[in-house]
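Novice: Take a look at start24.cif, mmCIF, C-alpha atoms:
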data_final
loop_
_atom_site.label_atom_id
_atom_site.label_comp_id
_atom_site.auth_asym_id
_atom_site.auth_seq_id
_atom_site.Cartn_x
_atom_site.Cartn_y
_atom_site.Cartn_z
CA MET A 1 21.15 9.80 -12.67
CA LYS A 2 18.48 9.12 -10.10
CA ALA A 3 14.92 7.85 -10.60
CA ILE A 4 12.12 7.93 -8.06
CA LEU A 5 9.42 5.40 -8.90
CA TYR A 6 5.96 6.41 -7.71
CA ILE A 7 3.47 3.59 -7.09
CA HIS A 8 -0.04 4.80 -6.35
CA GLY A 9 -2.68 3.23 -4.15
CA MET A 10 -6.05 1.75 -5.11
CA GLY A 11 -8.03 4.13 -7.28
CA GLY A 12 -4.98 6.37 -7.71
CA SER A 13 -3.05 7.33 -10.78
CA ALA A 14 0.50 7.77 -12.00
CA ILE A 15 -0.36 11.47 -12.44
CA GLU A 16 -0.05 11.80 -8.64
CA ALA A 17 3.74 11.59 -9.16
CA GLU A 18 3.55 15.28 -10.12
CA LEU A 19 3.12 16.16 -6.43
CA TYR A 20 6.61 14.87 -5.64
CA ARG A 21 8.64 16.29 -8.53
CA GLU A 22 9.50 19.55 -6.75
CA PHE A 23 11.11 17.67 -3.85
CA PHE A 24 13.58 15.45 -5.70
CA SER A 25 16.53 16.19 -7.95
CA GLY A 26 15.99 13.01 -9.98
CA ASP A 27 13.23 11.99 -12.35
CA VAL A 28 9.96 11.10 -10.60
CA ILE A 29 8.23 8.46 -12.70
CA GLY A 30 4.67 7.34 -12.02
CA LEU A 31 3.71 3.72 -12.60
CA GLU A 32 0.26 3.43 -14.14
CA TYR A 33 -1.74 0.29 -13.44
CA ASP A 34 -5.30 -0.81 -12.79
CA ASN A 35 -4.77 -4.40 -11.71
CA TYR A 36 -4.51 -5.10 -7.98
CA GLU A 37 -3.73 -8.81 -8.06
CA PRO A 38 -0.46 -9.24 -6.16
CA TRP A 39 0.88 -11.94 -8.52
CA THR A 40 0.41 -9.57 -11.46
CA MET A 41 1.66 -6.48 -9.65
CA LYS A 42 4.78 -8.25 -8.44
CA GLU A 43 5.73 -8.71 -12.09
CA VAL A 44 4.60 -5.23 -13.21
CA VAL A 45 6.68 -3.47 -10.54
CA ALA A 46 9.69 -5.74 -11.08
CA LYS A 47 9.55 -5.10 -14.84
CA LYS A 48 9.40 -1.32 -14.33
CA TYR A 49 12.30 -1.51 -11.87
CA LYS A 50 14.38 -3.50 -14.37
CA GLU A 51 13.59 -0.96 -17.08
CA LEU A 52 14.68 1.89 -14.80
CA THR A 53 17.94 0.17 -13.83
CA SER A 54 18.97 0.23 -17.47
CA ARG A 55 18.71 4.04 -17.54
CA TYR A 56 19.41 5.19 -13.97
CA ASP A 57 22.23 4.70 -11.47
CA GLU A 58 20.02 5.01 -8.39
CA ILE A 59 16.36 4.20 -7.74
CA SER A 60 14.14 5.24 -4.85
CA VAL A 61 10.43 4.55 -4.34
CA ILE A 62 7.45 6.60 -3.21
CA ALA A 63 4.35 4.51 -2.65
CA ASN A 64 0.86 4.90 -1.22
CA SER A 65 -1.21 2.26 0.54
CA ILE A 66 -1.35 -0.98 -1.46
CA GLY A 67 1.27 0.49 -3.79
CA ALA A 68 3.73 0.17 -0.88
CA TYR A 69 2.77 -3.49 -0.51
CA PHE A 70 3.43 -4.05 -4.22
CA ALA A 71 6.78 -2.24 -3.90
CA MET A 72 7.84 -4.44 -1.00
CA LEU A 73 6.59 -7.58 -2.73
CA ALA A 74 8.50 -6.90 -5.94
CA LEU A 75 11.55 -4.96 -4.78
CA GLY A 76 12.64 -6.70 -1.59
CA GLY A 77 16.30 -7.61 -2.02
CA LYS A 78 16.75 -5.22 -4.96
CA ALA A 79 19.06 -2.20 -5.01
CA VAL A 80 16.55 0.44 -3.92
CA SER A 81 18.29 3.36 -2.23
CA HIS A 82 15.32 4.68 -0.22
CA ALA A 83 11.56 4.27 0.19
CA TYR A 84 8.94 6.82 1.18
CA PHE A 85 5.68 5.14 2.16
CA ILE A 86 2.40 6.97 2.77
CA SER A 87 -0.20 4.91 4.65
CA PRO A 88 1.47 1.65 3.57
CA MET A 89 -0.33 -1.67 3.70
CA VAL A 90 2.40 -3.30 5.78
CA ASP A 91 0.51 -6.48 6.75
CA MET A 92 -1.80 -7.64 3.97
CA GLU A 93 -2.62 -10.94 5.65
CA LYS A 94 -3.82 -9.16 8.80
CA PHE A 95 -5.76 -6.65 6.70
CA ILE A 96 -7.52 -9.38 4.75
CA LEU A 97 -8.37 -11.44 7.83
CA THR A 98 -9.47 -8.57 10.09
CA LYS A 99 -10.87 -5.87 7.81
CA MET A 100 -12.60 -7.81 5.09
CA LYS A 101 -15.90 -9.63 5.41
CA PRO A 102 -15.59 -13.41 4.96
CA GLU A 103 -17.62 -13.29 1.73
CA GLU A 104 -15.24 -10.66 0.31
CA ILE A 105 -12.08 -12.68 0.84
CA ASP A 106 -10.53 -14.09 -2.31
CA SER A 107 -8.85 -17.34 -1.29
CA ASP A 108 -6.30 -17.12 -4.14
CA TYR A 109 -5.32 -13.59 -3.07
CA LEU A 110 -4.95 -14.64 0.57
CA ALA A 111 -2.98 -17.76 -0.38
CA PHE A 112 -0.60 -15.66 -2.46
CA VAL A 113 -0.10 -13.12 0.33
CA CYS A 114 0.65 -15.93 2.80
CA SER A 115 3.01 -17.67 0.36
CA PHE A 116 5.09 -14.55 -0.32
CA PRO A 117 5.92 -12.84 2.97
CA ILE A 118 7.49 -9.42 2.81
CA CYS A 119 11.28 -9.25 3.04
CA TRP A 120 12.21 -5.56 3.20
CA ASP A 121 15.64 -4.14 3.95
CA VAL A 122 15.46 -0.72 2.30
CA PRO A 123 15.93 2.49 4.33
CA THR A 124 12.32 3.62 4.69
CA ASP A 125 10.39 6.65 5.92
CA ILE A 126 6.70 6.15 6.69
CA LEU A 127 3.93 8.73 6.95
CA TYR A 128 0.89 7.46 8.83
CA GLY A 129 -2.37 9.12 9.82
CA SER A 130 -3.51 8.53 13.39
CA ASP A 131 -7.08 8.02 12.13
CA ASP A 132 -6.14 5.43 9.50
CA HIS A 133 -9.07 3.00 9.34
CA LEU A 134 -7.21 0.28 7.43
CA ILE A 135 -3.97 -0.21 9.37
CA ASP A 136 -3.80 0.18 13.14
CA LEU A 137 -0.96 2.01 14.87
CA PRO A 138 0.49 -1.07 16.66
CA THR A 139 0.80 -2.86 13.30
CA MET A 140 2.50 0.17 11.77
CA GLN A 141 4.84 0.60 14.74
CA ASP A 142 5.71 -3.10 14.70
CA PHE A 143 6.60 -2.92 11.01
CA ALA A 144 8.69 0.23 11.52
CA ASP A 145 10.55 -1.37 14.45
CA LYS A 146 11.23 -4.64 12.61
CA HIS A 147 12.47 -2.90 9.48
CA GLY A 148 14.28 0.07 11.02
CA ALA A 149 11.92 2.54 9.35
CA THR A 150 11.24 6.02 10.63
CA LEU A 151 7.57 6.60 11.42
CA THR A 152 5.91 10.01 11.31
CA ILE A 153 2.33 10.18 12.59
CA MET A 154 -0.01 12.95 11.53
CA PRO A 155 -2.58 13.59 14.26
CA HIS A 156 -6.07 13.11 12.79
CA GLY A 157 -4.59 12.08 9.45
CA GLU A 158 -6.53 9.50 7.49
CA HIS A 159 -5.46 6.57 5.32
CA TRP A 160 -5.99 8.69 2.24
CA PHE A 161 -4.20 12.03 2.60
CA HIS A 162 -6.58 14.29 0.68
CA THR A 163 -7.66 17.35 2.70
CA SER A 164 -5.71 20.59 2.38
CA ASP A 165 -4.24 20.10 5.89
CA GLN A 166 -3.24 16.51 5.11
CA ILE A 167 -1.65 17.46 1.77
CA ALA A 168 0.25 20.30 3.47
CA PHE A 169 1.51 17.87 6.14
CA LEU A 170 2.49 15.35 3.44
CA LYS A 171 4.40 18.00 1.48
CA LYS A 172 6.22 19.19 4.61
CA TRP A 173 7.09 15.59 5.48
CA ILE A 174 8.40 14.69 2.04
CA LYS A 175 10.37 17.96 1.85
CA GLU A 176 12.09 17.06 5.15
CA LYS A 177 12.72 13.42 4.19
CA ALA A 178 13.65 13.71 0.49
CA ILE A 179 17.27 12.86 -0.20
#
Can I see the file as structure tokens?
Specialist:
Amino acid sequence: MKAILYIHGMGGSAIEAELYREFFSGDVIGLEYDNYEPWTMKEVVAKKYKELTSRYDEISVIANSIGAYFAMLALGGKAVSHAYFISPMVDMEKFILTKMKPEEIDSDYLAFVCSFPICWDVPTDILYGSDDHLIDLPTMQDFADKHGATLTIMPHGEHWFHTSDQIAFLKKWIKEKAI
């Protein structure tokens, strides 16, 4: 049996997993959480993965934004068959240092991010919006190149895929990529 673990982005919900159920033959399981500390989320995601491995033969991941960062943080080196990332936060250190105001930066968060670099070797498909205000295209392309990921760019897509056109593009993309 196959499980697809859905990890939402900031402000999201496990209920969003419903969107993906029609595209996969396995069970799509949303992970509910409201803590965004990477040290906590590394454990939460790893625990959910371990739970799923006791019931499923194969595990894939769908993750949005910071959910993709948590997936990579917790599941690097694990037996994940495939990852589908939507607007993934692929370089948290760069994001913190370039997008956040100095007074907003949590030194413990930054220290953790720097101490636990991403090690990702899972076959990965990425959906990225050309108008993403959080991650620039060169950063996304660099990540895709380094990790052998396929990168699909939606013209005028945003970080948060939420308009009817963006959702339609997302559904078309996941339908084409789902294995």
Novice: For A:Met89, work out the shell of residues within 6 Å, counting only C-alpha atoms and skipping chain neighbours fewer than 3 positions away, then give it as a compact mmCIF listing (two decimals) with C-alpha atoms, in the coordinates of the input.
Specialist:
# COMPACT_ATOMS: atom_id res chain seq x y z
CA SER A 65 -1.21 2.26 0.54
CA ILE A 66 -1.35 -0.98 -1.46
CA TYR A 69 2.77 -3.49 -0.51
Novice: Return as a list of chain:residue names the set of residues that the PyMOL selection byres ((chain A and resi 130-134) around 8) yields on the displayed structure.
Specialist: A:Ser87, A:Phe95, A:Lys99, A:Tyr128, A:Gly129, A:Ile135, A:Asp136, A:Leu137, A:Ile153, A:Met154, A:Pro155, A:His156, A:Gly157, A:Glu158, A:His159, A:Trp160
Novice: May I have the residues within 12 Å of stretch 100-117 of chain A as JSON, numbers by chain, using all atoms listed in the file and disregarding those fewer than 4 positions away in the same chain?
Specialist: {"A": [36, 37, 38, 39, 40, 41, 42, 69, 70, 72, 73, 74, 76, 89, 90, 91, 92, 93, 94, 95, 96, 134]}
Novice: Write a file of the just-selected residues containing C-alpha atoms, as a compact mmCIF listing (two decimals), in the frame of the given file.
Specialist:
# COMPACT_ATOMS: atom_id res chain seq x y z
CA TYR A 36 -4.51 -5.10 -7.98
CA GLU A 37 -3.73 -8.81 -8.06
CA PRO A 38 -0.46 -9.24 -6.16
CA TRP A 39 0.88 -11.94 -8.52
CA THR A 40 0.41 -9.57 -11.46
CA MET A 41 1.66 -6.48 -9.65
CA LYS A 42 4.78 -8.25 -8.44
CA TYR A 69 2.77 -3.49 -0.51
CA PHE A 70 3.43 -4.05 -4.22
CA MET A 72 7.84 -4.44 -1.00
CA LEU A 73 6.59 -7.58 -2.73
CA ALA A 74 8.50 -6.90 -5.94
CA GLY A 76 12.64 -6.70 -1.59
CA MET A 89 -0.33 -1.67 3.70
CA VAL A 90 2.40 -3.30 5.78
CA ASP A 91 0.51 -6.48 6.75
CA MET A 92 -1.80 -7.64 3.97
CA GLU A 93 -2.62 -10.94 5.65
CA LYS A 94 -3.82 -9.16 8.80
CA PHE A 95 -5.76 -6.65 6.70
CA ILE A 96 -7.52 -9.38 4.75
CA LEU A 134 -7.21 0.28 7.43
Novice: Choose the residue, out of A:Glu58, A:Glu16, A:Glu22, A:Asp27, that has the smallest atom-to-atom separation from A:Lys175; count all atoms listed in the file.
Specialist: A:Glu22
Novice: Could you check how far atom CA of A:Ile126 sits from atom CA of A:Ile86, in Å to one decimal?
Specialist: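 Taking atom CA of A:Ile126 as the start and atom CA of A:Ile86 as the end point, the length is 5.9 Å.
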Novice: At what distance in Å, to one decimal, does atom CA of A:Asp125 lie from atom CA of A:Ala149?
Specialist: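 Computing the Euclidean distance for atom CA of A:Ala149 and atom CA of A:Asp125 yields 5.6 Å.
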Novice: Quick one: distance from atom CA of A:Thr150 to atom CA of A:Lys171 in Å, one decimal?
Specialist: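 So the answer is 16.6 Å.
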Novice: When distances are computed from all atoms listed in the file, which of A:Leu5, A:Met10, A:Ala17, A:Leu52 shows the smallest separation from A:Tyr33?
Specialist: A:Met10
Novice: Write stretch 108-122 of chain A as a JSON list (two decimals), in the coordinates of the input, completed to N, CA and C atoms.
Specialist:
[["chain", "number", "residue", "atom", "x", "y", "z"],
["A", 108, "ASP", "N", -7.55, -17.15, -3.37],
["A", 108, "ASP", "CA", -6.30, -17.12, -4.14],
["A", 108, "ASP", "C", -5.42, -15.95, -3.72],
["A", 109, "TYR", "N", -6.05, -14.79, -3.50],
["A", 109, "TYR", "CA", -5.32, -13.59, -3.07],
["A", 109, "TYR", "C", -4.68, -13.85, -1.71],
["A", 110, "LEU", "N", -5.46, -14.36, -0.77],
["A", 110, "LEU", "CA", -4.95, -14.64, 0.57],
["A", 110, "LEU", "C", -3.84, -15.68, 0.52],
["A", 111, "ALA", "N", -4.01, -16.73, -0.26],
["A", 111, "ALA", "CA", -2.98, -17.76, -0.38],
["A", 111, "ALA", "C", -1.68, -17.18, -0.93],
["A", 112, "PHE", "N", -1.79, -16.29, -1.91],
["A", 112, "PHE", "CA", -0.60, -15.66, -2.46],
["A", 112, "PHE", "C", 0.11, -14.82, -1.41],
["A", 113, "VAL", "N", -0.66, -13.99, -0.71],
["A", 113, "VAL", "CA", -0.10, -13.12, 0.33],
["A", 113, "VAL", "C", 0.64, -13.96, 1.38],
["A", 114, "CYS", "N", 0.03, -15.06, 1.79],
["A", 114, "CYS", "CA", 0.65, -15.93, 2.80],
["A", 114, "CYS", "C", 1.88, -16.65, 2.26],
["A", 115, "SER", "N", 1.89, -16.94, 0.97],
["A", 115, "SER", "CA", 3.01, -17.67, 0.36],
["A", 115, "SER", "C", 4.22, -16.80, 0.07],
["A", 116, "PHE", "N", 4.01, -15.48, 0.00],
["A", 116, "PHE", "CA", 5.09, -14.55, -0.32],
["A", 116, "PHE", "C", 5.21, -13.47, 0.76],
["A", 117, "PRO", "N", 5.77, -13.84, 1.91],
["A", 117, "PRO", "CA", 5.92, -12.84, 2.97],
["A", 117, "PRO", "C", 6.89, -11.73, 2.55],
["A", 118, "ILE", "N", 6.68, -10.58, 3.12],
["A", 118, "ILE", "CA", 7.49, -9.42, 2.81],
["A", 118, "ILE", "C", 8.89, -9.56, 3.41],
["A", 119, "CYS", "N", 9.89, -9.30, 2.61],
["A", 119, "CYS", "CA", 11.28, -9.25, 3.04],
["A", 119, "CYS", "C", 11.80, -7.89, 2.61],
["A", 120, "TRP", "N", 11.92, -6.95, 3.54],
["A", 120, "TRP", "CA", 12.21, -5.56, 3.20],
["A", 120, "TRP", "C", 13.39, -5.05, 3.99],
["A", 121, "ASP", "N", 14.42, -4.63, 3.29],
["A", 121, "ASP", "CA", 15.64, -4.14, 3.95],
["A", 121, "ASP", "C", 16.11, -2.81, 3.36],
["A", 122, "VAL", "N", 15.18, -2.01, 2.91],
["A", 122, "VAL", "CA", 15.46, -0.72, 2.30],
["A", 122, "VAL", "C", 15.27, 0.38, 3.35]]
